[in-house]
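Dumped protein_37.pdb below, it's PDB, C-alpha atoms:
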ATOM      1  CA  ASP A  23    -210.737 -82.847  -7.787
ATOM      2  CA  TYR A  24    -212.305 -79.472  -8.706
ATOM      3  CA  THR A  25    -214.409 -79.119  -5.572
ATOM      4  CA  LEU A  26    -211.595 -79.920  -3.153
ATOM      5  CA  THR A  27    -209.065 -77.737  -5.003
ATOM      6  CA  THR A  28    -211.448 -74.767  -5.087
ATOM      7  CA  PHE A  29    -212.347 -75.184  -1.427
ATOM      8  CA  LEU A  30    -208.716 -75.392  -0.278
ATOM      9  CA  ASN A  31    -207.618 -72.425  -2.387
ATOM     10  CA  SER A  32    -210.692 -70.245  -1.913
ATOM     11  CA  GLU A  33    -208.811 -67.515   0.005
ATOM     12  CA  ILE A  34    -206.271 -67.206  -2.815
ATOM     13  CA  TYR A  35    -209.015 -66.991  -5.421
ATOM     14  CA  LEU A  36    -210.857 -64.335  -3.435
ATOM     15  CA  ALA A  37    -207.696 -62.278  -2.923
ATOM     16  CA  ASN A  38    -206.940 -62.409  -6.660
ATOM     17  CA  MET A  39    -210.469 -61.330  -7.580
ATOM     18  CA  LYS A  40    -210.376 -58.427  -5.129
ATOM     19  CA  ALA A  41    -206.964 -57.295  -6.383
ATOM     20  CA  ALA A  42    -208.243 -57.370  -9.975
ATOM     21  CA  SER A  43    -210.941 -54.740  -9.410
ATOM     22  CA  PRO A  44    -210.788 -51.452  -7.456
ATOM     23  CA  TRP A  45    -214.582 -51.608  -7.149
ATOM     24  CA  ILE A  46    -214.617 -54.617  -4.803
ATOM     25  CA  LYS A  47    -215.103 -53.639  -1.171
ATOM     26  CA  ASP A  48    -215.785 -57.102   0.178
ATOM     27  CA  ILE A  49    -215.949 -60.569  -1.352
ATOM     28  CA  SER A  50    -216.818 -63.973   0.005
ATOM     29  CA  MET A  51    -217.322 -67.490  -1.329
ATOM     30  CA  HIS A  52    -219.879 -70.074  -0.165
ATOM     31  CA  TYR A  53    -220.000 -73.747  -1.064
ATOM     32  CA  ALA A  54    -223.277 -75.386  -2.101
ATOM     33  CA  PHE A  55    -223.473 -79.154  -2.530
ATOM     34  CA  PRO A  56    -222.416 -80.838  -4.691
ATOM     35  CA  THR A  57    -220.091 -78.727  -6.846
ATOM     36  CA  THR A  58    -221.343 -75.157  -6.656
ATOM     37  CA  PHE A  59    -219.449 -72.177  -5.241
ATOM     38  CA  LYS A  60    -221.331 -68.875  -4.914
ATOM     39  CA  VAL A  61    -219.312 -65.675  -4.833
ATOM     40  CA  GLN A  62    -220.877 -62.647  -3.138
ATOM     41  CA  VAL A  63    -219.430 -59.225  -3.945
ATOM     42  CA  THR A  64    -220.009 -55.846  -2.278
ATOM     43  CA  GLU A  65    -218.844 -52.850  -4.296
ATOM     44  CA  TYR A  66    -217.691 -49.427  -3.146
ATOM     45  CA  GLN A  67    -220.198 -46.639  -3.672
ATOM     46  CA  VAL A  68    -219.340 -43.744  -6.003
ATOM     47  CA  PHE A  69    -218.407 -40.621  -4.017
ATOM     48  CA  GLY A  70    -218.082 -38.338  -7.033
ATOM     49  CA  TYR A  71    -216.193 -37.964 -10.300
ATOM     50  CA  TYR A  72    -212.796 -36.600 -11.210
ATOM     51  CA  VAL A  73    -213.592 -34.558 -14.295
ATOM     52  CA  THR A  74    -211.127 -33.371 -16.907
ATOM     53  CA  GLU A  75    -212.698 -31.657 -19.929
ATOM     54  CA  GLU A  76    -215.349 -34.191 -21.037
ATOM     55  CA  ASP A  77    -213.890 -37.239 -19.279
ATOM     56  CA  HIS A  78    -215.375 -38.575 -16.031
ATOM     57  CA  TYR A  79    -213.494 -40.950 -13.728
ATOM     58  CA  PRO A  80    -215.311 -42.414 -10.699
ATOM     59  CA  ILE A  81    -214.009 -41.552  -7.230
ATOM     60  CA  LEU A  82    -214.977 -44.326  -4.827
ATOM     61  CA  GLU A  83    -215.984 -43.952  -1.188
ATOM     62  CA  ASN A  84    -212.512 -45.121  -0.112
ATOM     63  CA  GLY A  85    -210.932 -42.219  -2.024
ATOM     64  CA  GLU A  86    -209.537 -44.239  -4.911
ATOM     65  CA  VAL A  87    -209.933 -42.934  -8.458
ATOM     66  CA  VAL A  88    -210.954 -45.583 -10.986
ATOM     67  CA  GLU A  89    -208.903 -45.195 -14.150
ATOM     68  CA  SER A  90    -211.776 -46.233 -16.438
ATOM     69  CA  GLN A  91    -213.922 -43.473 -17.907
ATOM     70  CA  VAL A  92    -217.687 -43.439 -17.493
ATOM     71  CA  ALA A  93    -219.834 -42.594 -20.505
ATOM     72  CA  SER A  94    -221.920 -39.447 -20.121
ATOM     73  CA  ASP A  95    -225.178 -41.346 -20.615
ATOM     74  CA  GLN A  96    -224.307 -43.526 -17.601
ATOM     75  CA  LEU A  97    -223.881 -40.606 -15.201
ATOM     76  CA  ALA A  98    -226.470 -39.762 -12.568
ATOM     77  CA  SER A  99    -228.548 -36.606 -13.027
ATOM     78  CA  THR A 100    -226.501 -34.879 -10.282
ATOM     79  CA  TYR A 101    -223.062 -35.750  -8.968
ATOM     80  CA  LEU A 102    -220.058 -34.206  -7.224
ATOM     81  CA  ILE A 103    -217.352 -32.931  -9.579
ATOM     82  CA  VAL A 104    -213.715 -32.924  -8.402
ATOM     83  CA  ARG A 105    -211.323 -31.010 -10.637
ATOM     84  CA  PHE A 106    -207.905 -31.832  -9.217
ATOM     85  CA  SER A 107    -205.909 -34.971  -9.893
ATOM     86  CA  ASP A 108    -203.530 -35.302  -6.916
ATOM     87  CA  ARG A 109    -204.471 -38.786  -5.706
ATOM     88  CA  ASP A 110    -203.258 -38.235  -2.130
ATOM     89  CA  LEU A 111    -205.313 -35.044  -1.808
ATOM     90  CA  VAL A 112    -208.354 -36.762  -3.335
ATOM     91  CA  ARG A 113    -208.094 -39.538  -0.737
ATOM     92  CA  GLN A 114    -207.691 -36.995   2.071
ATOM     93  CA  PHE A 115    -210.678 -35.020   0.772
ATOM     94  CA  VAL A 116    -212.935 -38.083   0.682
ATOM     95  CA  LYS A 117    -211.796 -39.139   4.157
ATOM     96  CA  GLN A 118    -212.460 -35.681   5.610
ATOM     97  CA  MET A 119    -215.879 -35.493   3.936
ATOM     98  CA  GLY A 120    -216.768 -38.764   5.635
ATOM     99  CA  LYS A 121    -217.112 -36.742   8.858
ATOM    100  CA  VAL A 122    -219.478 -34.182   7.288
ATOM    101  CA  SER A 123    -223.263 -34.527   7.259
ATOM    102  CA  ALA A 124    -224.949 -35.805   4.112
ATOM    103  CA  SER A 125    -227.072 -32.633   3.932
ATOM    104  CA  ILE A 126    -223.922 -30.545   3.373
ATOM    105  CA  LYS A 127    -222.359 -33.026   0.953
ATOM    106  CA  GLU A 128    -225.489 -32.945  -1.200
ATOM    107  CA  GLU A 129    -225.175 -29.179  -1.633
ATOM    108  CA  ILE A 130    -221.635 -29.307  -3.085
ATOM    109  CA  GLU A 131    -221.486 -29.140  -6.873
ATOM    110  CA  THR A 132    -217.773 -28.778  -7.688
ATOM    111  CA  VAL A 133    -214.436 -28.929  -5.877
ATOM    112  CA  ASP A 134    -211.328 -27.123  -7.156
ATOM    113  CA  LEU A 135    -207.837 -27.048  -5.686
ATOM    114  CA  THR A 136    -207.000 -23.356  -5.099
ATOM    115  CA  PRO A 137    -203.838 -23.295  -2.951
ATOM    116  CA  SER A 138    -202.660 -20.080  -1.330
ATOM    117  CA  LYS A 139    -199.086 -19.205  -0.354
ATOM    118  CA  VAL A 140    -199.587 -20.659   3.131
ATOM    119  CA  THR A 141    -202.225 -23.344   2.506
ATOM    120  CA  LYS A 142    -201.295 -25.859  -0.168
ATOM    121  CA  ASP A 143    -204.410 -28.003   0.356
ATOM    122  CA  LEU A 144    -206.929 -25.150   0.105
ATOM    123  CA  VAL A 145    -209.976 -26.054  -1.990
ATOM    124  CA  THR A 146    -212.918 -24.042  -3.245
ATOM    125  CA  LEU A 147    -216.281 -25.750  -2.886
ATOM    126  CA  THR A 148    -218.921 -24.332  -5.201
ATOM    127  CA  MET A 149    -222.364 -25.046  -3.808
ATOM    128  CA  LYS A 150    -225.463 -25.625  -5.931
ATOM    129  CA  ASP A 151    -226.847 -22.219  -4.931
ATOM    130  CA  GLY A 152    -223.687 -20.444  -6.113
ATOM    131  CA  THR A 153    -222.125 -19.913  -2.675
ATOM    132  CA  LYS A 154    -218.399 -20.646  -2.555
ATOM    133  CA  VAL A 155    -216.536 -22.062   0.436
ATOM    134  CA  LEU A 156    -212.746 -21.872   0.812
ATOM    135  CA  VAL A 157    -211.476 -24.493   3.231
ATOM    136  CA  PRO A 158    -208.242 -26.499   3.713
ATOM    137  CA  ILE A 159    -208.778 -30.198   3.047
ATOM    138  CA  SER A 160    -207.058 -31.017   6.343
ATOM    139  CA  GLN A 161    -209.656 -28.957   8.270
ATOM    140  CA  ILE A 162    -212.872 -29.920   6.476
ATOM    141  CA  LYS A 163    -214.243 -32.183   9.209
ATOM    142  CA  ARG A 164    -213.635 -29.433  11.775
ATOM    143  CA  LYS A 165    -214.859 -26.371   9.884
ATOM    144  CA  LEU A 166    -217.348 -27.411   7.208
ATOM    145  CA  PRO A 167    -220.018 -28.565   9.727
ATOM    146  CA  TYR A 168    -220.516 -24.824  10.448
ATOM    147  CA  TYR A 169    -221.649 -24.246   6.861
ATOM    148  CA  HIS A 170    -225.433 -24.225   7.339
ATOM    149  CA  GLN A 171    -225.160 -21.959  10.376
ATOM    150  CA  ILE A 172    -223.022 -19.470   8.447
ATOM    151  CA  ARG A 173    -225.011 -19.669   5.197
ATOM    152  CA  LYS A 174    -228.049 -18.201   6.981
ATOM    153  CA  LEU A 175    -226.041 -15.070   7.804
ATOM    154  CA  VAL A 176    -224.656 -14.238   4.364
ATOM    155  CA  GLU A 177    -226.170 -12.967   1.140
ATOM    156  CA  ASP A 178    -226.513 -14.986  -2.049
ATOM    157  CA  GLY A 179    -223.327 -15.180  -4.096
ATOM    158  CA  SER A 180    -221.089 -14.836  -1.037
ATOM    159  CA  VAL A 181    -217.749 -16.532  -0.471
ATOM    160  CA  ILE A 182    -217.243 -18.131   2.937
ATOM    161  CA  ASP A 183    -213.535 -18.221   3.726
ATOM    162  CA  MET A 184    -212.538 -20.913   6.226
ATOM    163  CA  GLU A 185    -208.820 -20.852   5.516
ATOM    164  CA  ALA A 186    -208.029 -19.097   8.808
ATOM    165  CA  GLY A 187    -211.013 -18.696  11.095
ATOM    166  CA  ILE A 188    -214.249 -17.990   9.224
ATOM    167  CA  TYR A 189    -214.848 -14.897   7.075
ATOM    168  CA  SER A 190    -217.422 -13.882   4.514
ATOM    169  CA  TYR A 191    -217.037 -11.874   1.294
ATOM    170  CA  ASN A 192    -219.720 -10.744  -1.110
ATOM    171  CA  SER A 193    -219.154 -11.115  -4.848
ATOM    172  CA  GLU A 194    -218.284  -7.436  -5.299
ATOM    173  CA  THR A 195    -215.587  -7.595  -2.604
ATOM    174  CA  MET A 196    -214.189 -10.771  -4.143
ATOM    175  CA  ALA A 197    -213.866  -9.064  -7.532
ATOM    176  CA  THR A 198    -212.076  -6.154  -5.866
ATOM    177  CA  LEU A 199    -209.730  -8.476  -3.977
ATOM    178  CA  ALA A 200    -208.922 -10.386  -7.159
ATOM    179  CA  GLN A 201    -208.047  -7.138  -8.946
ATOM    180  CA  GLU A 202    -205.929  -5.941  -6.024
ATOM    181  CA  LYS A 203    -204.111  -9.271  -5.902
ATOM    182  CA  LYS A 204    -203.360  -9.020  -9.618
ATOM    183  CA  SER A 205    -202.085  -5.454  -9.181
ATOM    184  CA  MET A 206    -199.914  -6.451  -6.216
ATOM    185  CA  LYS A 207    -198.043  -8.950  -8.374
ATOM    186  CA  THR A 208    -196.954  -6.204 -10.747
ATOM    187  CA  GLU A 209    -196.198  -3.502  -8.208
ATOM    188  CA  GLU A 210    -193.236  -3.139  -5.877
ATOM    189  CA  GLY A 211    -192.309  -1.329  -2.690
ATOM    190  CA  GLU A 212    -194.676   1.045  -0.957
ATOM    191  CA  GLU A 213    -197.498   0.780  -3.529
ATOM    192  CA  SER A 214    -197.614  -2.995  -3.091
ATOM    193  CA  GLU A 215    -197.738  -2.639   0.720
ATOM    194  CA  GLU A 216    -200.622  -0.157   0.542
ATOM    195  CA  SER A 217    -202.614  -2.439  -1.764
ATOM    196  CA  SER A 218    -202.078  -5.356   0.612
ATOM    197  CA  THR A 219    -203.285  -3.271   3.582
ATOM    198  CA  GLU A 220    -206.432  -2.223   1.734
ATOM    199  CA  SER A 221    -207.141  -5.838   0.808
ATOM    200  CA  GLU A 222    -206.859  -6.973   4.417
ATOM    201  CA  GLN A 223    -209.150  -4.197   5.640
ATOM    202  CA  SER A 224    -211.915  -5.189   3.212
ATOM    203  CA  VAL A 225    -212.309  -8.560   4.927
ATOM    204  CA  ALA A 226    -214.111  -8.868   8.254
ATOM    205  CA  PRO A 227    -215.200 -11.816  10.392
ATOM    206  CA  LEU A 228    -218.844 -12.735  10.112
ATOM    207  CA  GLU A 229    -221.017 -10.642  12.372
ATOM    208  CA  GLY A 230    -222.146 -12.666  15.352
ATOM    209  CA  GLN A 231    -220.030 -15.637  14.269
ATOM    210  CA  GLU A 232    -217.261 -16.960  16.457
ATOM    211  CA  THR A 233    -213.968 -17.146  14.579
ATOM    212  CA  LEU A 234    -212.307 -20.527  14.800
ATOM    213  CA  PRO A 235    -208.670 -20.524  15.926
ATOM    214  CA  THR A 236    -206.099 -21.687  13.447
ATOM    215  CA  GLU A 237    -204.356 -24.968  14.079
TER     216      GLU A 237
END
Using the file provided, produce a representation of the structure as structure tokens.
Amino acid sequence: DYTLTTFLNSEIYLANMKAASPWIKDISMHYAFPTTFKVQVTEYQVFGYYVTEEDHYPILENGEVVESQVASDQLASTYLIVRFSDRDLVRQFVKQMGKVSASIKEEIETVDLTPSKVTKDLVTLTMKDGTKVLVPISQIKRKLPYYHQIRKLVEDGSVIDMEAGIYSYNSETMATLAQEKKSMKTEEGEESEESSTESEQSVAPLEGQETLPTE
């Protein structure tokens, strides 16, 4: 009997349907006399897109990346672009961002993985106004909520560095630091040490801003 078989095996059917699609957040089945079963599905919302060249792959609110591409004409007018593919880091990023206010999330345009020698999960958030924020994924929920407070204190085009404490650079200083870093890689001995010292001295904590302790 179809009705009895479906009713008795409904949990198996539901589990199979959920396993077949990464989009399904919740699924339930309801029986309606005499032989009707209604399936109700709730899907995960799209958090952003993993973008590689012209391809867009949805990142869901649970941090999972859907392996099916989305056509460009189906994309929203604005969306968050993530440009690193490490699935564990993507999940951690989405989880951490879940603790950040929507007003800050809406200002982020792109996310790039930019690890340093000591911080492998360091990302650069490029905001819609051109401001850049460097922050470890593991410390986003702790440090990024300070963003609006800090943004009021810095000039346009600044870089807010939250890797260790909170610092601010203007675009000119960043260009200088990048050049010094490049030079340091090719120099040795005393010259390299002097360049490193100069680089450190060009960075100062934000005026009037409490520096967060490192964890």
Å distance separating atom CA of Val155 of chain A from atom CA of Lys142 of chain A, one decimal place: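 Atom CA of Lys142 of chain A lies 15.7 Å from atom CA of Val155 of chain A.
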Selection dump of the PyMOL selection byres ((chain A and resi 64) around 8), as a list in words: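 Applied to this file, the PyMOL selection byres ((chain A and resi 64) around 8) returns Ile46, Lys47, Asp48, Ile49, Gln62, Val63, Glu65 and Tyr66 of chain A.
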Two-atom distance - atom CA of Ile172 of chain A, atom CA of Thr148 of chain A (Å): 15.1 Å
Neighbours of Glu129 of chain A within 10 Å (only C-alpha atoms; same-chain residues fewer than 6 positions away dropped), as a PDB file with C-alpha atoms, in the coordinates of the input?
ATOM      1  CA  LEU A 102    -220.058 -34.206  -7.224  1.00  0.00           C
ATOM      2  CA  LEU A 147    -216.281 -25.750  -2.886  1.00  0.00           C
ATOM      3  CA  THR A 148    -218.921 -24.332  -5.201  1.00  0.00           C
ATOM      4  CA  MET A 149    -222.364 -25.046  -3.808  1.00  0.00           C
ATOM      5  CA  LYS A 150    -225.463 -25.625  -5.931  1.00  0.00           C
ATOM      6  CA  ASP A 151    -226.847 -22.219  -4.931  1.00  0.00           C
ATOM      7  CA  GLY A 152    -223.687 -20.444  -6.113  1.00  0.00           C
ATOM      8  CA  THR A 153    -222.125 -19.913  -2.675  1.00  0.00           C
TER       9      THR A 153
END
Target residues per the PyMOL selection byres ((chain A and resi 94) around 12), formatted as a list in words: Tyr71, Val73, Glu76, Asp77, His78, Tyr79, Pro80, Gln91, Val92, Ala93, Asp95, Gln96, Leu97, Ala98, Ser99, Thr100 and Tyr101 of chain A
Ground truth for the PyMOL selection byres ((chain A and resi 121) around 9), written as a list in words: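 The output of the PyMOL selection byres ((chain A and resi 121) around 9) on this file is Lys117, Gln118, Met119, Gly120, Val122, Ser123, Ile162, Lys163, Arg164 and Pro167 of chain A.
For the pair atom CA of Val140 of chain A and atom CA of Lys174 of chain A, the separation is 28.8 Å.
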Centre, x/y/z edge lengths, axis-aligned box for segment 66-84 of chain A with 6 Å per side, as lines of an AutoDock Vina configuration file:
center_x = -215.7
center_y = -40.5
center_z = -10.6
size_x = 21.1
size_y = 29.8
size_z = 32.9
Tell me which residues come within 12 Å of (-208.4, -35.8, 1.1), as a tab-separated table (two decimals) with C-alpha atoms, keeping the file's coordinate frame, counting all atoms listed in the file in the file's coordinates.
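As written to disk, part24.tsv reads:
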chain	number	residue	atom	x	y	z
A	81	ILE	CA	-214.01	-41.55	-7.23
A	83	GLU	CA	-215.98	-43.95	-1.19
A	84	ASN	CA	-212.51	-45.12	-0.11
A	85	GLY	CA	-210.93	-42.22	-2.02
A	86	GLU	CA	-209.54	-44.24	-4.91
A	104	VAL	CA	-213.72	-32.92	-8.40
A	106	PHE	CA	-207.90	-31.83	-9.22
A	107	SER	CA	-205.91	-34.97	-9.89
A	108	ASP	CA	-203.53	-35.30	-6.92
A	109	ARG	CA	-204.47	-38.79	-5.71
A	110	ASP	CA	-203.26	-38.24	-2.13
A	111	LEU	CA	-205.31	-35.04	-1.81
A	112	VAL	CA	-208.35	-36.76	-3.34
A	113	ARG	CA	-208.09	-39.54	-0.74
A	114	GLN	CA	-207.69	-36.99	2.07
A	115	PHE	CA	-210.68	-35.02	0.77
A	116	VAL	CA	-212.94	-38.08	0.68
A	117	LYS	CA	-211.80	-39.14	4.16
A	118	GLN	CA	-212.46	-35.68	5.61
A	119	MET	CA	-215.88	-35.49	3.94
A	120	GLY	CA	-216.77	-38.76	5.64
A	121	LYS	CA	-217.11	-36.74	8.86
A	133	VAL	CA	-214.44	-28.93	-5.88
A	135	LEU	CA	-207.84	-27.05	-5.69
A	143	ASP	CA	-204.41	-28.00	0.36
A	144	LEU	CA	-206.93	-25.15	0.10
A	145	VAL	CA	-209.98	-26.05	-1.99
A	157	VAL	CA	-211.48	-24.49	3.23
A	158	PRO	CA	-208.24	-26.50	3.71
A	159	ILE	CA	-208.78	-30.20	3.05
A	160	SER	CA	-207.06	-31.02	6.34
A	161	GLN	CA	-209.66	-28.96	8.27
A	162	ILE	CA	-212.87	-29.92	6.48
A	163	LYS	CA	-214.24	-32.18	9.21
Near-Tyr53 of chain A list (12 Å; all atoms listed in the file; drop same-chain fewer than 2 positions) as a list in words: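 Here the qualifying residues turn out to be Thr25, Leu26, Thr28, Phe29, Leu30, Ser32, Ser50, Met51, Phe55, Pro56, Thr57, Thr58, Phe59, Lys60, Val61 and Gln62 of chain A.
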Nearest-residue call for Ile130 of chain A, choices A:Tyr35, A:Lys165, A:Leu82, A:Phe69, using all atoms listed in the file: A:Phe69
Please complete segment 55-77 of chain A with N, CA, C and O atoms and give it back as a PDB file, in the coordinates of the input.
ATOM      1  N   PHE A  55    -223.582 -77.765  -2.050  1.00  0.00           N
ATOM      2  CA  PHE A  55    -223.473 -79.154  -2.530  1.00  0.00           C
ATOM      3  C   PHE A  55    -224.197 -79.313  -3.874  1.00  0.00           C
ATOM      4  O   PHE A  55    -225.265 -78.735  -4.076  1.00  0.00           O
ATOM      5  N   PRO A  56    -223.648 -80.052  -4.845  1.00  0.00           N
ATOM      6  CA  PRO A  56    -222.416 -80.838  -4.691  1.00  0.00           C
ATOM      7  C   PRO A  56    -221.156 -80.130  -5.203  1.00  0.00           C
ATOM      8  O   PRO A  56    -220.085 -80.315  -4.671  1.00  0.00           O
ATOM      9  N   THR A  57    -221.303 -79.317  -6.257  1.00  0.00           N
ATOM     10  CA  THR A  57    -220.091 -78.727  -6.846  1.00  0.00           C
ATOM     11  C   THR A  57    -220.252 -77.238  -7.150  1.00  0.00           C
ATOM     12  O   THR A  57    -219.614 -76.708  -8.064  1.00  0.00           O
ATOM     13  N   THR A  58    -221.084 -76.564  -6.375  1.00  0.00           N
ATOM     14  CA  THR A  58    -221.343 -75.157  -6.656  1.00  0.00           C
ATOM     15  C   THR A  58    -220.684 -74.248  -5.621  1.00  0.00           C
ATOM     16  O   THR A  58    -220.773 -74.502  -4.424  1.00  0.00           O
ATOM     17  N   PHE A  59    -220.020 -73.209  -6.114  1.00  0.00           N
ATOM     18  CA  PHE A  59    -219.449 -72.177  -5.241  1.00  0.00           C
ATOM     19  C   PHE A  59    -220.081 -70.837  -5.625  1.00  0.00           C
ATOM     20  O   PHE A  59    -220.026 -70.428  -6.779  1.00  0.00           O
ATOM     21  N   LYS A  60    -220.701 -70.172  -4.676  1.00  0.00           N
ATOM     22  CA  LYS A  60    -221.331 -68.875  -4.914  1.00  0.00           C
ATOM     23  C   LYS A  60    -220.436 -67.766  -4.373  1.00  0.00           C
ATOM     24  O   LYS A  60    -220.025 -67.810  -3.214  1.00  0.00           O
ATOM     25  N   VAL A  61    -220.146 -66.801  -5.223  1.00  0.00           N
ATOM     26  CA  VAL A  61    -219.312 -65.675  -4.833  1.00  0.00           C
ATOM     27  C   VAL A  61    -220.202 -64.447  -4.626  1.00  0.00           C
ATOM     28  O   VAL A  61    -220.982 -64.080  -5.511  1.00  0.00           O
ATOM     29  N   GLN A  62    -220.100 -63.845  -3.458  1.00  0.00           N
ATOM     30  CA  GLN A  62    -220.877 -62.647  -3.138  1.00  0.00           C
ATOM     31  C   GLN A  62    -219.938 -61.450  -3.087  1.00  0.00           C
ATOM     32  O   GLN A  62    -218.934 -61.462  -2.378  1.00  0.00           O
ATOM     33  N   VAL A  63    -220.289 -60.402  -3.826  1.00  0.00           N
ATOM     34  CA  VAL A  63    -219.430 -59.225  -3.945  1.00  0.00           C
ATOM     35  C   VAL A  63    -220.179 -57.976  -3.486  1.00  0.00           C
ATOM     36  O   VAL A  63    -221.327 -57.755  -3.866  1.00  0.00           O
ATOM     37  N   THR A  64    -219.507 -57.174  -2.654  1.00  0.00           N
ATOM     38  CA  THR A  64    -220.009 -55.846  -2.278  1.00  0.00           C
ATOM     39  C   THR A  64    -219.084 -54.808  -2.886  1.00  0.00           C
ATOM     40  O   THR A  64    -217.869 -54.871  -2.700  1.00  0.00           O
ATOM     41  N   GLU A  65    -219.663 -53.864  -3.625  1.00  0.00           N
ATOM     42  CA  GLU A  65    -218.844 -52.850  -4.296  1.00  0.00           C
ATOM     43  C   GLU A  65    -218.831 -51.537  -3.514  1.00  0.00           C
ATOM     44  O   GLU A  65    -219.757 -51.228  -2.779  1.00  0.00           O
ATOM     45  N   TYR A  66    -217.762 -50.768  -3.712  1.00  0.00           N
ATOM     46  CA  TYR A  66    -217.691 -49.427  -3.146  1.00  0.00           C
ATOM     47  C   TYR A  66    -218.714 -48.538  -3.845  1.00  0.00           C
ATOM     48  O   TYR A  66    -218.959 -48.676  -5.049  1.00  0.00           O
ATOM     49  N   GLN A  67    -219.302 -47.618  -3.098  1.00  0.00           N
ATOM     50  CA  GLN A  67    -220.198 -46.639  -3.672  1.00  0.00           C
ATOM     51  C   GLN A  67    -219.381 -45.528  -4.357  1.00  0.00           C
ATOM     52  O   GLN A  67    -218.236 -45.288  -4.015  1.00  0.00           O
ATOM     53  N   VAL A  68    -219.999 -44.867  -5.323  1.00  0.00           N
ATOM     54  CA  VAL A  68    -219.340 -43.744  -6.003  1.00  0.00           C
ATOM     55  C   VAL A  68    -219.516 -42.487  -5.160  1.00  0.00           C
ATOM     56  O   VAL A  68    -220.634 -42.094  -4.838  1.00  0.00           O
ATOM     57  N   PHE A  69    -218.393 -41.861  -4.798  1.00  0.00           N
ATOM     58  CA  PHE A  69    -218.407 -40.621  -4.017  1.00  0.00           C
ATOM     59  C   PHE A  69    -218.636 -39.418  -4.928  1.00  0.00           C
ATOM     60  O   PHE A  69    -219.351 -38.477  -4.591  1.00  0.00           O
ATOM     61  N   GLY A  70    -217.991 -39.440  -6.082  1.00  0.00           N
ATOM     62  CA  GLY A  70    -218.082 -38.338  -7.033  1.00  0.00           C
ATOM     63  C   GLY A  70    -217.273 -38.710  -8.267  1.00  0.00           C
ATOM     64  O   GLY A  70    -216.932 -39.877  -8.473  1.00  0.00           O
ATOM     65  N   TYR A  71    -216.947 -37.703  -9.076  1.00  0.00           N
ATOM     66  CA  TYR A  71    -216.193 -37.964 -10.300  1.00  0.00           C
ATOM     67  C   TYR A  71    -215.069 -36.944 -10.459  1.00  0.00           C
ATOM     68  O   TYR A  71    -215.271 -35.738 -10.256  1.00  0.00           O
ATOM     69  N   TYR A  72    -213.891 -37.473 -10.805  1.00  0.00           N
ATOM     70  CA  TYR A  72    -212.796 -36.600 -11.210  1.00  0.00           C
ATOM     71  C   TYR A  72    -213.058 -36.264 -12.665  1.00  0.00           C
ATOM     72  O   TYR A  72    -213.160 -37.156 -13.517  1.00  0.00           O
ATOM     73  N   VAL A  73    -213.199 -34.983 -12.958  1.00  0.00           N
ATOM     74  CA  VAL A  73    -213.592 -34.558 -14.295  1.00  0.00           C
ATOM     75  C   VAL A  73    -212.480 -33.739 -14.927  1.00  0.00           C
ATOM     76  O   VAL A  73    -211.969 -32.775 -14.341  1.00  0.00           O
ATOM     77  N   THR A  74    -212.091 -34.131 -16.127  1.00  0.00           N
ATOM     78  CA  THR A  74    -211.127 -33.371 -16.907  1.00  0.00           C
ATOM     79  C   THR A  74    -211.707 -33.206 -18.299  1.00  0.00           C
ATOM     80  O   THR A  74    -211.917 -34.183 -19.023  1.00  0.00           O
ATOM     81  N   GLU A  75    -212.011 -31.971 -18.674  1.00  0.00           N
ATOM     82  CA  GLU A  75    -212.698 -31.657 -19.929  1.00  0.00           C
ATOM     83  C   GLU A  75    -214.000 -32.478 -19.989  1.00  0.00           C
ATOM     84  O   GLU A  75    -214.876 -32.288 -19.166  1.00  0.00           O
ATOM     85  N   GLU A  76    -214.106 -33.415 -20.919  1.00  0.00           N
ATOM     86  CA  GLU A  76    -215.349 -34.191 -21.037  1.00  0.00           C
ATOM     87  C   GLU A  76    -215.250 -35.571 -20.398  1.00  0.00           C
ATOM     88  O   GLU A  76    -216.225 -36.335 -20.419  1.00  0.00           O
ATOM     89  N   ASP A  77    -214.097 -35.900 -19.837  1.00  0.00           N
ATOM     90  CA  ASP A  77    -213.890 -37.239 -19.279  1.00  0.00           C
ATOM     91  C   ASP A  77    -214.272 -37.292 -17.801  1.00  0.00           C
ATOM     92  O   ASP A  77    -213.966 -36.376 -17.036  1.00  0.00           O
TER      93      ASP A  77
END
